[in-house]
Amino acid sequence: MADDVLQAPLVLEYPFTRTTGPVVGAFLTGLREGVVLGVKRTDGTVMCPPLEYDPLDASPLGEMVEVGQTGTVVSWSWGGPPRPQQPFDRDVAWALITLDGADTPMLHAVFVDGPADMSSGMRVTVQWRDERHGHIADIAGFVPSEES
Amino acid sequence: MTYSKSQDPSSRPAGLDVEVTVPDSIAGVERVQSVRTPIRIEYTYTPGEALSAYLRGMKDKKILAERCPKTGQVFVPPRGVSPVAGILTEGPVELPDTGYVESFNITRVPIASRPELEPPYVSAWVLLDGASVGLMGLVINCQPEDVKLGTRVRAVWKPDDELEMAATNILGWEPTGEPDVDIVDIETIGQKGDLE
């Protein structure tokens, strides 16, 4: 084929707005107000981030409880440089973090200098964004906890 | 409570009737009801040989299709493969920029992301003369009420000095004023093809 191969940028974009429902809506409301909420499951444990229904028996849930803003890294992987649309200006680690008072972990970013600073079992604390709108990104990320 | 298969599937989800209780820390504040979750995917798109020829033809106001060697069907825009026979198509087959409205839709509400489309507007499948499948486009330069199944149309091209290697060179399709194609013939004019 003599001609050069054609190519062009192609952008697919869907500007979804989703309604949140009472439980997830309360969770996001909490984030906007600077608190983290979980939901009580039928067995008495606390799920955070919360869901409208118990994943085990599908029963509807509705008792929101406040959990801690410090927690423990359950597992992690190094994310490296942020992708263009990620809200970070630096490398991050991705971690599953079980907040104090919660029984399930949430996925979020941890700000450290490199993978050598990450370990399972390490303690981390929420770093809030200055402007909050009721979105998971209201939590900018987590930083190593200064507690001893 | 456990999920039961005998539960009426059309019944209201039980969770909607649950009273959600919140701690005092957010008790008095306005509740978040929705969240924006935009999805955006950026590609570098490479069209392949058949579609590249189509796009190059567009720069010269030519419509270049391809033909299935087994069924004789003519596909535009060409993808290089016959979706019916699953084999490579042959081309190019140059088509005229005339055809008729095979089906159409009048849109009367605006789309936020397409401010250039001012309602009411008519989008249509235009079956080009000699083609087996319709080509999507707008019917322009007429009233929406003037568009019918079978209305003969011709391409309205961008000015010559604005032509690019792009399907958007065709601004739309305007009625030619020729007599409508008889609605009874519409099912038979386009070569539908047959693998037998």
# chains A, B, ... in the order shown; residues from 1 in each chain; ligands from 1
call {"tool": "residues_around", "arguments": {"residues": "stretch 121-134 of chain B", "least_positions_apart": "2", "cutoff": "6 Å", "atoms": "only C-alpha atoms", "output": "ChimeraX atom specification"}}
result
/B:73-74,98-107,119,136-139,190-192
call {"tool": "residues_around", "arguments": {"residues": "B:Ser52", "least_positions_apart": "4", "cutoff": "9 Å", "atoms": "only C-alpha atoms", "output": "list in words"}}
result
Val5, Leu6 and Gln7 of chain A; Thr46, Pro47, Gly48, Arg56, Gly57 and Met165 of chain B
call {"tool": "write_last_selection", "arguments": {"atoms": "N, CA and C atoms", "output": "short mmCIF file (atom, residue, chain, number, x, y, z; two decimals), in the first residue's frame"}}
result
data_model
loop_
_atom_site.label_atom_id
_atom_site.label_comp_id
_atom_site.auth_asym_id
_atom_site.auth_seq_id
_atom_site.Cartn_x
_atom_site.Cartn_y
_atom_site.Cartn_z
N VAL A 5 -0.68 5.20 6.30
CA VAL A 5 -1.85 4.80 7.09
C VAL A 5 -2.46 6.05 7.72
N LEU A 6 -3.77 6.17 7.58
CA LEU A 6 -4.45 7.31 8.20
C LEU A 6 -4.64 7.04 9.68
N GLN A 7 -4.59 8.08 10.48
CA GLN A 7 -5.00 7.96 11.87
C GLN A 7 -5.49 9.30 12.39
N THR B 46 -7.26 4.16 13.82
CA THR B 46 -6.67 3.83 12.52
C THR B 46 -7.73 3.11 11.71
N PRO B 47 -8.15 3.68 10.58
CA PRO B 47 -9.35 3.16 9.92
C PRO B 47 -9.15 1.91 9.08
N GLY B 48 -7.94 1.53 8.70
CA GLY B 48 -7.77 0.37 7.83
C GLY B 48 -7.88 0.76 6.37
N ARG B 56 -10.09 9.16 1.86
CA ARG B 56 -9.34 9.89 0.84
C ARG B 56 -10.26 10.34 -0.28
N GLY B 57 -11.24 9.47 -0.65
CA GLY B 57 -12.21 9.84 -1.68
C GLY B 57 -13.03 11.05 -1.27
N MET B 165 -10.21 14.91 4.61
CA MET B 165 -10.42 13.46 4.53
C MET B 165 -11.35 13.07 5.67
#
call {"tool": "select_by_dssp", "arguments": {"residues": "stretch 1-111 of chain B", "states": "alpha helix (DSSP H)", "output": "PyMOL selection string"}}
result
chain B and resi 49-58
call {"tool": "write_last_selection", "arguments": {"atoms": "C-alpha atoms", "output": "PDB file, in the first residue's frame"}}
result
ATOM      1  CA  GLU B  49      -7.423   0.155   4.045  1.00  0.00           C
ATOM      2  CA  ALA B  50     -11.032   0.231   2.858  1.00  0.00           C
ATOM      3  CA  LEU B  51     -12.110   3.069   5.121  1.00  0.00           C
ATOM      4  CA  SER B  52      -8.867   4.951   4.381  1.00  0.00           C
ATOM      5  CA  ALA B  53      -9.745   4.854   0.663  1.00  0.00           C
ATOM      6  CA  TYR B  54     -13.269   6.094   1.547  1.00  0.00           C
ATOM      7  CA  LEU B  55     -11.845   8.991   3.569  1.00  0.00           C
ATOM      8  CA  ARG B  56      -9.335   9.892   0.837  1.00  0.00           C
ATOM      9  CA  GLY B  57     -12.209   9.840  -1.682  1.00  0.00           C
ATOM     10  CA  MET B  58     -14.155  12.233   0.535  1.00  0.00           C
TER      11      MET B  58
END
call {"tool": "residues_around", "arguments": {"residues": "A:Glu146", "least_positions_apart": "3", "cutoff": "12 Å", "atoms": "only C-alpha atoms", "output": "NGL selection string"}}
result
:A and (70-71 or 122-126 or 142-143)
call {"tool": "write_last_selection", "arguments": {"atoms": "N, CA and C atoms", "output": "PDB file, in the first residue's frame"}}
result
ATOM      1  N   THR A  70      -8.695   7.102  60.272  1.00  0.00           N
ATOM      2  CA  THR A  70      -7.401   6.432  60.221  1.00  0.00           C
ATOM      3  C   THR A  70      -7.686   4.938  60.085  1.00  0.00           C
ATOM      4  N   GLY A  71      -6.832   4.254  59.341  1.00  0.00           N
ATOM      5  CA  GLY A  71      -7.079   2.833  59.136  1.00  0.00           C
ATOM      6  C   GLY A  71      -5.809   2.097  58.787  1.00  0.00           C
ATOM      7  N   MET A 122       0.488  -1.136  57.445  1.00  0.00           N
ATOM      8  CA  MET A 122       0.842   0.236  57.816  1.00  0.00           C
ATOM      9  C   MET A 122      -0.419   1.039  58.118  1.00  0.00           C
ATOM     10  N   ARG A 123      -0.285   2.074  58.940  1.00  0.00           N
ATOM     11  CA  ARG A 123      -1.424   2.897  59.341  1.00  0.00           C
ATOM     12  C   ARG A 123      -1.456   4.158  58.481  1.00  0.00           C
ATOM     13  N   VAL A 124      -2.637   4.509  57.996  1.00  0.00           N
ATOM     14  CA  VAL A 124      -2.794   5.682  57.131  1.00  0.00           C
ATOM     15  C   VAL A 124      -3.980   6.515  57.593  1.00  0.00           C
ATOM     16  N   THR A 125      -3.945   7.804  57.244  1.00  0.00           N
ATOM     17  CA  THR A 125      -4.987   8.755  57.649  1.00  0.00           C
ATOM     18  C   THR A 125      -5.527   9.486  56.427  1.00  0.00           C
ATOM     19  N   VAL A 126      -6.805   9.768  56.449  1.00  0.00           N
ATOM     20  CA  VAL A 126      -7.452  10.508  55.357  1.00  0.00           C
ATOM     21  C   VAL A 126      -6.802  11.878  55.190  1.00  0.00           C
ATOM     22  N   PHE A 142      -4.744   9.134  51.027  1.00  0.00           N
ATOM     23  CA  PHE A 142      -4.342   8.824  52.391  1.00  0.00           C
ATOM     24  C   PHE A 142      -2.851   9.087  52.537  1.00  0.00           C
ATOM     25  N   VAL A 143      -2.419   9.446  53.751  1.00  0.00           N
ATOM     26  CA  VAL A 143      -0.996   9.633  54.042  1.00  0.00           C
ATOM     27  C   VAL A 143      -0.647   8.758  55.245  1.00  0.00           C
TER      28      VAL A 143
END
call {"tool": "interface_residues", "arguments": {"of": "chain A", "to": "chain B", "cutoff": "7 Å", "atoms": "only C-alpha atoms", "output": "PyMOL selection string"}}
result
chain A and resi 6-23+25-26+28-30+52+57-66+134-135
call {"tool": "select_by_dssp", "arguments": {"residues": "stretch 53-134 of chain A", "states": "strand (DSSP E or B)", "output": "PyMOL selection string"}}
result
chain A and resi 53+60+63-67+70-80+92-99+106-110+123-128
call {"tool": "atom_distance", "arguments": {"atom1": "atom CA of A:Ser75", "atom2": "atom CA of A:Ile97"}}
result
7.6 Å
call {"tool": "atom_distance", "arguments": {"atom1": "atom CA of A:Trp128", "atom2": "atom CA of A:Asp91"}}
result
17.7 Å
